[in-house]
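Asks: Quick one: the structure is below, questions incoming.
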Amino acid sequence: MRFVIKMLAAAVAVCLTAVSSGGAYADEQPGGKGTHQGAINGAPYRIEMPERWNGTLVLYSHGYYLKDFLPEKVALTVHDTTESWLLRHGYALAASEYKNRGIGYAVEDAMTDQVALLNHFQAKIGKPRRTISYGMSQGAVIAAQLAERHPHRFAGTAGFCSEVDTPGSWNTALDIQFVVKTLLAPNADIDLVRPTDPATAAAHAEALAAAVRDARGSEEGRARLALAGAIANIPTWFSPFEPEPKKLSERIVAQSMWVEFAYGYGLGPTGRLDLEARAGGNPSWNTGIDYRRQLAESSRHDLVREAYNAADLDLDADLDNLAGAERISADPAAVAYTKQHGLVDGTAQTPTLTLHTTGDGGAVNGQVPWWADQVEQHGNAEFRQLYLARGGHCSYSAAEEIVSLLALHRHIETGRWGNLDPSRLDTVVGEFGPEYQKVLDFGTGQTKPVAPTFTEYTPPAFLRPTR
């Protein structure tokens, strides 16, 4: 999603050589240990088989890719070191990159292409004893929908830094952009939806981002940025390498980094080009949305009031301004499309484990308990949530990735989660070597080792759920 998504796509990059898309299967290799790669109906794939297979297949669904920041080969995990560790310990790994290399809102393609890869795996290599559906970011909704729609093919679901209500995510983006445009750039020519062409969309995204950058320089601007973040419960933590900010101005600046990069660039006008082309129109709306009420329900409302008091601004006047601004309606067919391709039903039959940071503003962590509620209402599965006290989107280390996947595998094998106390998880993660402790900061592109920080945590509510 956004610059952060751009950096993520670059970060998870691992190298794919040119893949032929001609014919049903291209560049096929015999079954057995080692690498198998090719394309199925134009969708590149890669399979890695261990020396001695334990019978478990991990099917990985990647997140949102942008065309200028693509991995060099089909990613099978977030970290290369996770891939190599799982292979050494007997796991088979597979992933389709989806058609058109999975660029953009590729959920529909992923659902088809991942199933085709499963069929191919079973026909050419063997039938797994158990398959784990693992997805990160936008890939989490793919992993979840695969398990929901093909329950007999999956034994467990892992959703890390999950977005599982993607229509709600795009509505969240619209809310934030609406506040920025209305209060910080009222005279700017910015179309928030229905972009006409790439150049215009890029200019409008830049105008949104510039409004955010300009607003950081004054107390009045920071107060309105705090309002833009609060109506979506965006956290006040951005960097995975720094502690959560404490000062008012620093908290708002950190929060505004998400507003600029995730919602100005990533899920802004440029991101909507691909989304609306696939959906056949605009799937997002704020008709009928009461932003005064949304702020009252936000866990960040005290931050907003403190910022408005510091700036000596009239919050009620700004809320009245938002209430009177012209609203945006959605195209019903486009809404139906994103609900079909990007919204979990909650009908899971497999145990599900999630991993999320407390400071993730790209995929707000309130979607995780919302997902758990959907499963409780509609499904028949055990659902376990793990959290890391850390800023950043998908900013987990290879050791944290491995330990979390092993926790899910244990439950599949034994029917029990085992001891997932945060202090114990930190101890287990800490036993891995330093090469397994590195985390990517999407804001700077830097990778550094960090200490494990599992924690007990209850996320704030997701304020724009689709259901």
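Chain labels run A, B, ... following the order of the structure tokens; each chain numbers its residues from 1, and ligands are numbered from 1 in the order shown.
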Go through range 322-386 of chain A residue by residue and, counting only C-alpha atoms, keep those with an atom at most 9 Å from range 242-265 of chain A; for each kept residue give the shortest atom pair and its distance in Å to one decimal, ordered by chain and increasing number, as CSV.

Replies:
```
residue,atom,partner,partner_atom,distance
A:Gly359,CA,A:Glu244,CA,8.2
A:Asp360,CA,A:Trp258,CA,8.8
A:Gly361,CA,A:Trp258,CA,5.8
A:Gly362,CA,A:Ala262,CA,5.7
```

Asks: Near Asp314 in chain A, within 12 Å and counting only C-alpha atoms, which residues show up once chain neighbours fewer than 5 positions away are dropped, as a PyMOL selection string?

Replies: chain A and resi 220+223-224+304-309+319-321

Asks: Output N, CA, C and O atoms for every residue in the selection just made, as a compact mmCIF listing (two decimals), in the first residue's frame.

Replies:
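File out.txt, as written:
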```
# COMPACT_ATOMS: atom_id res chain seq x y z
N GLU A 220 -1.42 24.72 13.95
CA GLU A 220 -2.74 24.60 13.32
C GLU A 220 -2.76 23.42 12.35
O GLU A 220 -3.72 22.63 12.32
N ALA A 223 -2.70 20.08 14.23
CA ALA A 223 -3.99 19.76 14.83
C ALA A 223 -4.91 19.10 13.80
O ALA A 223 -5.58 18.10 14.09
N ARG A 224 -4.94 19.64 12.61
CA ARG A 224 -5.81 19.08 11.57
C ARG A 224 -5.28 17.74 11.05
O ARG A 224 -6.07 16.86 10.68
N VAL A 304 -6.48 14.65 19.53
CA VAL A 304 -7.02 15.73 18.70
C VAL A 304 -7.39 16.93 19.56
O VAL A 304 -7.04 18.08 19.23
N ARG A 305 -8.05 16.69 20.66
CA ARG A 305 -8.46 17.82 21.51
C ARG A 305 -7.24 18.53 22.09
O ARG A 305 -7.22 19.77 22.17
N GLU A 306 -6.23 17.77 22.46
CA GLU A 306 -5.01 18.39 22.96
C GLU A 306 -4.34 19.24 21.88
O GLU A 306 -3.87 20.35 22.15
N ALA A 307 -4.31 18.72 20.66
CA ALA A 307 -3.68 19.45 19.57
C ALA A 307 -4.46 20.71 19.21
O ALA A 307 -3.88 21.77 18.94
N TYR A 308 -5.78 20.62 19.20
CA TYR A 308 -6.59 21.81 18.90
C TYR A 308 -6.47 22.85 20.01
O TYR A 308 -6.44 24.06 19.73
N ASN A 309 -6.39 22.42 21.26
CA ASN A 309 -6.20 23.38 22.35
C ASN A 309 -4.85 24.07 22.23
O ASN A 309 -4.74 25.28 22.44
N LEU A 319 -15.23 20.42 12.38
CA LEU A 319 -16.15 19.29 12.21
C LEU A 319 -17.40 19.72 11.46
O LEU A 319 -17.94 18.96 10.65
N ASP A 320 -17.85 20.94 11.70
CA ASP A 320 -18.99 21.47 10.93
C ASP A 320 -18.61 21.61 9.46
O ASP A 320 -19.42 21.34 8.57
N ASN A 321 -17.38 22.05 9.21
CA ASN A 321 -16.90 22.18 7.83
C ASN A 321 -16.91 20.83 7.14
O ASN A 321 -17.35 20.71 5.98
```

Asks: Can you tell me which residues surround Pro465 in chain A at a distance of at most 10 Å, considering only C-alpha atoms, apart from same-chain residues fewer than 2 positions away, and format the answer as a list in words?

Replies: Asp165, Thr166, Pro167, Gly168, Ser169, Asn171, Thr172, Leu343, Gly366, Gln367, Trp370, Ala461, Phe462, Leu463 and Arg467 of chain A

Asks: Run DSSP on the backbone and give me the residues of range 154-277 of chain A it puts in strand (DSSP E), as a PyMOL selection string.

Replies: chain A and resi 156-160

Asks: Please produce a file of the residues just selected, as a short mmCIF file (atom, residue, chain, number, x, y, z; two decimals), in the first residue's frame, where the atoms kept are C-alpha atoms.

Replies:
```cif
data_model
loop_
_atom_site.label_atom_id
_atom_site.label_comp_id
_atom_site.auth_asym_id
_atom_site.auth_seq_id
_atom_site.Cartn_x
_atom_site.Cartn_y
_atom_site.Cartn_z
CA GLY A 156 -4.46 -23.64 8.93
CA THR A 157 -4.38 -19.93 8.09
CA ALA A 158 -1.69 -17.37 8.95
CA GLY A 159 -2.43 -13.69 8.37
CA PHE A 160 0.42 -11.32 9.21
#
```

Asks: Please determine, counting only C-alpha atoms, which residue among A:Gln446, A:Leu273, A:Phe69, A:Pro186 has the shortest atom-to-atom distance to Ala199 in chain A.

Replies: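 Closest to Ala199 in chain A, using only C-alpha atoms: A:Leu273.
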
Asks: How would you write, as number ranges by chain, the set of residues in range 175-314 of chain A that DSSP gives as alpha helix (DSSP H)?

Replies: A: 175-179, 198-215, 219-230, 248-260, 269-279, 291-296, 301-311

Asks: My list of candidates is A:Gly391, A:Gly102, A:Pro50, A:Gly38. Which is closest to His62 in chain A when distances are computed with only C-alpha atoms?

Replies: A:Gly102

Asks: Which of these, A:Asn419, A:Thr77, A:Ser84, A:Thr338, has the shortest distance to Gly34 in chain A once you count only C-alpha atoms?

Replies: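 Ranking A:Asn419, A:Thr77, A:Ser84, A:Thr338 by distance to Gly34 in chain A, first place goes to A:Ser84.
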
Asks: Pick from A:Gly221, A:Pro128, A:Gly63, A:Gly55: nearest to Cys161 in chain A, with only C-alpha atoms counted?

Replies: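 The closest residue to Cys161 in chain A is A:Gly63.
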
Asks: For the atom pair CA of Met111 in chain A and CA of Leu386 in chain A, what is the interatomic distance in Å to one decimal place?

Replies: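 CA of Leu386 in chain A lies at a distance of 25.9 Å from CA of Met111 in chain A.
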
Asks: Could you please determine the separation between CA of His79 in chain A and CA of Met136 in chain A in Å, to one decimal place?

Replies: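 Answer for the CA of His79 in chain A to CA of Met136 in chain A separation: 11.7 Å.
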